[in-house]
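Below is one structure, written out as structure tokens; comments come after it.
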Amino acid sequence: MGLVQDLAGLAGPLAQQFSRLGLATQVAVGVSSFLVIVVVLNVLKQVLFKNPNEPPLVFHWFPLIGSTITYGMDPPRFFKANQKKHGDCFTFILLGKKTTVFVGTHGNEFILNGKLKDVNAEEIYTPLTTPVFGKDVVYDCPNAKLMEQKKFMKVALTTEAFRKYVPIIADEVTSYFKRTADFKGPSGVVDICPKMAQITIFTASHALQGKEIRDQFDESLADLYHDLDMGFSPVNFMLHWAPLPWNNRRDHAQRTVAKIYMDTIKRRRAQGSSDAQDIMYHLMSASYKNGVQVPDHEIAHMMIALLMAGQHSSSSTSAWIMLRLASRPDIMEELYQEQVRVLGADLPPLAYEDLAKLPLHQAIIKETLRLHAPIHSILRAVKSPMPVPGTKYVIGTDHTLLAAPGVSGSDPQYFPEPELWEPHRWDDDSPLSPRIVRSEDEETVDYGYGLVSKGAHSPYLPFGAGRHRCIGEQFANVQLQTILAMVVREFKFRNVDFSNTVIGTDYSSLFSRPLAPAKIHWERREKA
């Protein structure tokens with residue numbers, strides 16, 4: 001009773017002092033007191049009320065913010081730090097939502113090969129993708145319909161198609177360097193990332209969508225794809241509807257690009273038959289399994305998705321490749337000598353069959369994708385409670401699952417000296433060779449768009465796994481290797497300051513990319 005009386009005795013004088021304060025000061029004191037109480041209660045909840053049947057929770061001060069800021073600043077560092085502290089499976093608060101991370105090969109398998117009744121990608125991604133791609137495609141439709149849409153796209157992803165694409169891509173790259181002012185003269189300095197973004201759009205639009213579409217793309221229109229890309233800002237999980245500057249630019253870009261496709265479709269239908277045997281022509285005559293013909297607006301939106309789906313990975317990966325080569329001019333010279341040795345000193349026009357003869361070129365792409373995974377976080381909504389094998393944990397439906405294949409891609413258990421960019425690690429006799437055991441009878445599955453590898457239990461998954469595995473994996477390799485081969489024929493690169501360092505990573509979007517500006521020095525090769 002004495003303590004209660006003492007506190008009651010203090011309350012009166014404190015109330016009198018509070019009443020003498022100005023209104024602004026009272027508000028400040030009130031807000032500060034509220035925040036202190038919220039923080040204290042949040043800390044006590046984490047310390048005193050741990051759930052032994054859930055993965056450990058990353059400590060945080062504020063209940064809604066949680067670990068959002070530290071995660072957003074550098075996701076891979078956040079994952080590795082908490083993996084070291086909590087193990088492969090842990091939970092953190094992301095924008096008020098319990099987000100359970102499961103890294104490592106078991107995590108890759110658990111999340112990326114999750115059953116449709118247990119995990120859902122559409123629910124997570126439609127707020128981001130629908131304003132960018134448009135309605136009724138990709139994640140703005142049932143999963144079965146998405147699988148049919150993927151199957152439509154595979155007509156553009158055959159070996160025969162790739163044979164046609166290589167000379168198209170090679171010509172686009174050569175033409176770009178000839179007409180672009182930043183590459184005039186014998187040498188210079190250039191911010192490489194926007195240039196690679198333009199090259200990937202030009203090469204992909206021409207190869208995948210035909211000359212008629214490509215001729216409607218110039219540098220300014222290619223830049224619209226950057227505005228579309230910025231629609232994938234993580235804040236848009238919650239504010240995709242808001243009239244924010246980047247959302248306004250995203251919406252303008254979406255309308256502009258969609259109109260190009262819609263106008264082309266209308267023109268082709270008015271003309272009747274077409275000689276253009278491209279993906280648009282194929283979609284214009286395609287029907288779903290229920291007999292419904294693909295509507296024109298869905299064709300336009302699928303055309304956007306077809307370019308955008310590969311634009312993030314190919315644009316960022318090609319930029320990282322160029323930056324890595326600038327830090328290692330010796331490797332760039334090795335690439336050139338590989339082409340001379342294998343293809344001949346006159347370097348004839350590049351053909352699809354040549355790509356398989358250039359193992360170092362292939363290794364450059366593998367190694368760059370290993371260290372610079374384009375997508376650092378793959379999210380899934382939990383639709384039914386999911387027990388974590390080998391633990392007592394059960395992931396509830398109030399959680400979001402997060403896979404991070406890039407973490408295992410830089411794990412010393414599988415990749416010796418994992419932070420070292422060394423393309424020769426992919427040589428058969430390299431002491432840095434990846435320690436990956438591959439099954440000779442790897443299981444395949446058809447999710448509705450053709451057979452793909454089911455295996456997600458791998459430390460190296462740059463194109464994802466499971467039913468949402470990237471169907472453009474082979475095209476991306478063809479595109480990147482062809483771009484790389486043509487750049488190597490034309491230039492020598494180095495860092496502006498002659499160092500061997502590489503710029504840091506920008507994680508402001510869901511798709512990681514080099515920080516801007518990323519300038520390198522280029523020098524044209526002397527023609528024999």
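Following the order of the structure tokens, first chain is A, next is B, and so on, with residues numbered from 1 inside each chain and ligands from 1 in the order they appear.
Within 7 Å of segment 472-488 of chain A there are A:Leu157, A:Val166, A:Ile169, A:Ala170, A:Val173, A:Ser314, A:Ser318, A:Met332, A:Leu335, A:Tyr336, A:His361, A:Gln362, A:Phe463, A:Cys470, A:Glu490, A:Phe491, A:Lys492, counting only C-alpha atoms and ignoring same-chain residues fewer than 2 positions away.
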Which of A:Asp411, A:Glu353, A:Asp223, A:Glu54 sits closest to Pro459 of chain A [using only C-alpha atoms]: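 Comparing A:Asp411, A:Glu353, A:Asp223, A:Glu54 against Pro459 of chain A, the winner is A:Asp411.
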Set out as a tab-separated table a contact list for segment 354-393 of chain A and segment 75-99 of chain A with a cut-off of 9 Å, giving each residue of segment 354-393 of chain A that qualifies its closest atom pair and distance in Å to one decimal, counting only C-alpha atoms, ordered by chain and rising residue number.
residue	atom	partner	partner_atom	distance
A:His376	CA	A:Pro75	CA	7.0
A:Ser377	CA	A:Pro75	CA	7.9
A:Leu379	CA	A:Thr99	CA	8.9
A:Val388	CA	A:Cys89	CA	8.9
Separation of atom CA of Glu338 of chain A from atom CA of Leu323 of chain A, in Å and rounded to one decimal: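 Result for atom CA of Glu338 of chain A versus atom CA of Leu323 of chain A: 19.8 Å, one decimal.
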Within 7 Å of Glu123 of chain A using only C-alpha atoms, minus same-chain residues under 3 positions, as an MDAnalysis selection string: chainID A and resid 120 126 381
Generate the output file for the selected residues, N, CA and C atoms, as a compact mmCIF listing (two decimals), in the first residue's frame.
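File again_7.txt, as written:
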# COMPACT_ATOMS: atom_id res chain seq x y z
N ASN A 120 1.36 -19.67 -52.40
CA ASN A 120 0.71 -18.93 -53.48
C ASN A 120 1.57 -17.72 -53.84
N THR A 126 0.67 -9.84 -57.36
CA THR A 126 -0.24 -9.10 -58.25
C THR A 126 -0.29 -7.60 -57.98
N ALA A 381 2.89 -16.50 -50.38
CA ALA A 381 1.89 -16.48 -49.31
C ALA A 381 1.67 -17.91 -48.83
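Atom pair atom CA of His301 of chain A / atom CA of Asp227 of chain A: separated by 16.0 Å.
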For segment 120-143 of chain A versus segment 232-235 of chain A, which residues have an atom no more than 12 Å away, and what is each residue's nearest atom pair and distance in Å rounded to one decimal, using only C-alpha atoms, chain-then-number order, as CSV?
residue,atom,partner,partner_atom,distance
A:Ile124,CA,A:Pro234,CA,11.5
A:Tyr125,CA,A:Phe232,CA,9.5
A:Thr126,CA,A:Phe232,CA,10.7
A:Pro127,CA,A:Phe232,CA,9.3
A:Leu128,CA,A:Phe232,CA,5.7
A:Thr129,CA,A:Phe232,CA,7.4
A:Thr130,CA,A:Phe232,CA,10.4
A:Pro131,CA,A:Phe232,CA,9.6
A:Val132,CA,A:Phe232,CA,8.2
A:Phe133,CA,A:Phe232,CA,11.0
One-decimal distance in Å that lies between atom CA of Ser285 of chain A and atom CA of Lys211 of chain A: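 Computing the Euclidean distance for atom CA of Lys211 of chain A and atom CA of Ser285 of chain A yields 19.3 Å.
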Expected answer as a PyMOL selection string: helix (DSSP H, G or I) residues in segment 337-480 of chain A: chain A and resi 337-343+352-355+359-371+405-408+423-426+466-468+473-480
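Checking A:Pro56, A:Pro329, A:Pro245, A:Gly231 one by one against Asn500 of chain A, counting only C-alpha atoms, you find the shortest gap at A:Pro329.
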Nearest to Pro374 of chain A by atom-to-atom distance, counting only C-alpha atoms, from A:Lys527, A:Arg513, A:Lys178, A:Lys164: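 Of the candidates, the smallest distance to Pro374 of chain A is held by A:Arg513.
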Backbone DSSP call of strand (DSSP E) for segment 67-139 of chain A, listed as a list in words: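 Matching residues, listed in order: Cys89, Phe90, Thr91, Phe92, Ile93, Leu94, Lys97, Lys98, Thr99, Thr100, Val101, Phe102, Val119 and Asn120 of chain A.
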Save out the residues we just selected, all heavy atoms, as an mmCIF file, in the first residue's frame.
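Generated output (again_4.cif):
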data_model
loop_
_atom_site.group_PDB
_atom_site.id
_atom_site.type_symbol
_atom_site.label_atom_id
_atom_site.label_comp_id
_atom_site.auth_asym_id
_atom_site.auth_seq_id
_atom_site.Cartn_x
_atom_site.Cartn_y
_atom_site.Cartn_z
ATOM 1 N N CYS A 89 16.436 -21.126 -40.818
ATOM 2 C CA CYS A 89 15.023 -20.735 -40.817
ATOM 3 C C CYS A 89 14.759 -19.746 -39.687
ATOM 4 O O CYS A 89 14.986 -20.052 -38.509
ATOM 5 C CB CYS A 89 14.142 -21.967 -40.660
ATOM 6 S SG CYS A 89 12.383 -21.664 -40.930
ATOM 7 N N PHE A 90 14.292 -18.554 -40.032
ATOM 8 C CA PHE A 90 13.991 -17.527 -39.034
ATOM 9 C C PHE A 90 12.919 -16.594 -39.587
ATOM 10 O O PHE A 90 12.631 -16.587 -40.793
ATOM 11 C CB PHE A 90 15.251 -16.730 -38.662
ATOM 12 C CG PHE A 90 15.950 -16.100 -39.833
ATOM 13 C CD1 PHE A 90 15.611 -14.826 -40.275
ATOM 14 C CD2 PHE A 90 16.956 -16.781 -40.503
ATOM 15 C CE1 PHE A 90 16.259 -14.246 -41.369
ATOM 16 C CE2 PHE A 90 17.608 -16.208 -41.604
ATOM 17 C CZ PHE A 90 17.259 -14.943 -42.025
ATOM 18 N N THR A 91 12.333 -15.814 -38.710
ATOM 19 C CA THR A 91 11.247 -14.901 -39.081
ATOM 20 C C THR A 91 11.632 -13.470 -38.750
ATOM 21 O O THR A 91 12.294 -13.217 -37.732
ATOM 22 C CB THR A 91 9.954 -15.278 -38.335
ATOM 23 O OG1 THR A 91 9.547 -16.587 -38.739
ATOM 24 C CG2 THR A 91 8.822 -14.307 -38.639
ATOM 25 N N PHE A 92 11.245 -12.547 -39.603
ATOM 26 C CA PHE A 92 11.398 -11.125 -39.285
ATOM 27 C C PHE A 92 10.129 -10.388 -39.682
ATOM 28 O O PHE A 92 9.295 -10.914 -40.435
ATOM 29 C CB PHE A 92 12.640 -10.527 -39.966
ATOM 30 C CG PHE A 92 12.523 -10.310 -41.453
ATOM 31 C CD1 PHE A 92 12.257 -9.048 -41.959
ATOM 32 C CD2 PHE A 92 12.708 -11.354 -42.352
ATOM 33 C CE1 PHE A 92 12.170 -8.826 -43.331
ATOM 34 C CE2 PHE A 92 12.633 -11.144 -43.725
ATOM 35 C CZ PHE A 92 12.353 -9.876 -44.215
ATOM 36 N N ILE A 93 9.978 -9.195 -39.159
ATOM 37 C CA ILE A 93 8.801 -8.378 -39.443
ATOM 38 C C ILE A 93 9.108 -7.463 -40.620
ATOM 39 O O ILE A 93 10.025 -6.645 -40.569
ATOM 40 C CB ILE A 93 8.374 -7.548 -38.219
ATOM 41 C CG1 ILE A 93 8.082 -8.464 -37.029
ATOM 42 C CG2 ILE A 93 7.146 -6.701 -38.550
ATOM 43 C CD1 ILE A 93 6.986 -9.480 -37.265
ATOM 44 N N LEU A 94 8.339 -7.613 -41.700
ATOM 45 C CA LEU A 94 8.497 -6.808 -42.909
ATOM 46 C C LEU A 94 7.193 -6.055 -43.144
ATOM 47 O O LEU A 94 6.175 -6.662 -43.483
ATOM 48 C CB LEU A 94 8.835 -7.702 -44.105
ATOM 49 C CG LEU A 94 8.934 -7.029 -45.475
ATOM 50 C CD1 LEU A 94 10.064 -6.001 -45.484
ATOM 51 C CD2 LEU A 94 9.150 -8.065 -46.574
ATOM 52 N N LYS A 97 4.299 -7.523 -41.380
ATOM 53 C CA LYS A 97 3.958 -8.905 -41.708
ATOM 54 C C LYS A 97 5.059 -9.853 -41.253
ATOM 55 O O LYS A 97 6.245 -9.597 -41.464
ATOM 56 C CB LYS A 97 3.765 -9.026 -43.227
ATOM 57 C CG LYS A 97 3.391 -10.410 -43.716
ATOM 58 C CD LYS A 97 1.936 -10.708 -43.495
ATOM 59 C CE LYS A 97 1.539 -12.032 -44.156
ATOM 60 N NZ LYS A 97 0.119 -12.350 -43.943
ATOM 61 N N LYS A 98 4.665 -10.967 -40.612
ATOM 62 C CA LYS A 98 5.639 -11.993 -40.264
ATOM 63 C C LYS A 98 6.165 -12.635 -41.552
ATOM 64 O O LYS A 98 5.396 -13.227 -42.318
ATOM 65 C CB LYS A 98 4.996 -13.072 -39.391
ATOM 66 C CG LYS A 98 4.688 -12.647 -37.965
ATOM 67 C CD LYS A 98 4.097 -13.827 -37.189
ATOM 68 C CE LYS A 98 3.795 -13.456 -35.748
ATOM 69 N NZ LYS A 98 3.194 -14.597 -35.017
ATOM 70 N N THR A 99 7.455 -12.504 -41.777
ATOM 71 C CA THR A 99 8.071 -13.032 -42.994
ATOM 72 C C THR A 99 9.123 -14.056 -42.598
ATOM 73 O O THR A 99 10.098 -13.724 -41.934
ATOM 74 C CB THR A 99 8.712 -11.896 -43.816
ATOM 75 O OG1 THR A 99 7.707 -10.924 -44.125
ATOM 76 C CG2 THR A 99 9.323 -12.422 -45.091
ATOM 77 N N THR A 100 8.892 -15.296 -42.967
ATOM 78 C CA THR A 100 9.784 -16.383 -42.578
ATOM 79 C C THR A 100 10.746 -16.702 -43.713
ATOM 80 O O THR A 100 10.332 -17.076 -44.818
ATOM 81 C CB THR A 100 8.987 -17.644 -42.197
ATOM 82 O OG1 THR A 100 8.207 -17.361 -41.029
ATOM 83 C CG2 THR A 100 9.918 -18.804 -41.895
ATOM 84 N N VAL A 101 12.011 -16.546 -43.415
ATOM 85 C CA VAL A 101 13.091 -16.821 -44.365
ATOM 86 C C VAL A 101 13.570 -18.247 -44.141
ATOM 87 O O VAL A 101 13.748 -18.688 -43.009
ATOM 88 C CB VAL A 101 14.260 -15.837 -44.154
ATOM 89 C CG1 VAL A 101 15.387 -16.119 -45.135
ATOM 90 C CG2 VAL A 101 13.782 -14.399 -44.269
ATOM 91 N N PHE A 102 13.756 -18.976 -45.229
ATOM 92 C CA PHE A 102 14.336 -20.325 -45.152
ATOM 93 C C PHE A 102 15.399 -20.397 -46.234
ATOM 94 O O PHE A 102 15.106 -20.532 -47.410
ATOM 95 C CB PHE A 102 13.256 -21.372 -45.360
ATOM 96 C CG PHE A 102 13.649 -22.780 -44.927
ATOM 97 C CD1 PHE A 102 12.709 -23.805 -44.923
ATOM 98 C CD2 PHE A 102 14.950 -23.093 -44.518
ATOM 99 C CE1 PHE A 102 13.052 -25.092 -44.529
ATOM 100 C CE2 PHE A 102 15.295 -24.366 -44.112
ATOM 101 C CZ PHE A 102 14.337 -25.385 -44.114
ATOM 102 N N VAL A 119 1.319 -22.931 -50.888
ATOM 103 C CA VAL A 119 1.944 -21.631 -51.153
ATOM 104 C C VAL A 119 1.316 -20.991 -52.380
ATOM 105 O O VAL A 119 0.820 -21.679 -53.277
ATOM 106 C CB VAL A 119 3.474 -21.766 -51.350
ATOM 107 C CG1 VAL A 119 4.143 -22.245 -50.078
ATOM 108 C CG2 VAL A 119 3.801 -22.689 -52.513
ATOM 109 N N ASN A 120 1.359 -19.667 -52.402
ATOM 110 C CA ASN A 120 0.714 -18.927 -53.482
ATOM 111 C C ASN A 120 1.567 -17.716 -53.835
ATOM 112 O O ASN A 120 1.917 -16.915 -52.973
ATOM 113 C CB ASN A 120 -0.682 -18.492 -53.043
ATOM 114 C CG ASN A 120 -1.420 -17.719 -54.110
ATOM 115 O OD1 ASN A 120 -1.154 -16.549 -54.327
ATOM 116 N ND2 ASN A 120 -2.366 -18.378 -54.775
#
For Leu350 of chain A, the nearest of the candidates A:Asp136, A:Glu109, A:Asp263, A:Asp171, counting only C-alpha atoms: A:Asp171
Counting only C-alpha atoms, the residue of A:Leu57, A:Leu461, A:Ala345, A:Ala518 that sits nearest Asp506 of chain A: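 Smallest separation from Asp506 of chain A among the options: A:Ala518.
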Shell around Gln293 of chain A at 10 Å using only C-alpha atoms, local window under 6 positions removed, as a ChimeraX atom specification: /A:283-287
Which of A:Gln254, A:Gln339, A:Gln271, A:Ser408 sits closest to Lys135 of chain A [using only C-alpha atoms]: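 Among the listed residues, the smallest separation from Lys135 of chain A belongs to A:Gln254.
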Nearby residues (only C-alpha atoms) at most 12 Å from Lys266 of chain A, same-chain spacing under 4 positions excluded, as a VMD selection string: chain A and resid 259 to 262 270 to 272 280 to 281 284 295 to 297 299 to 300
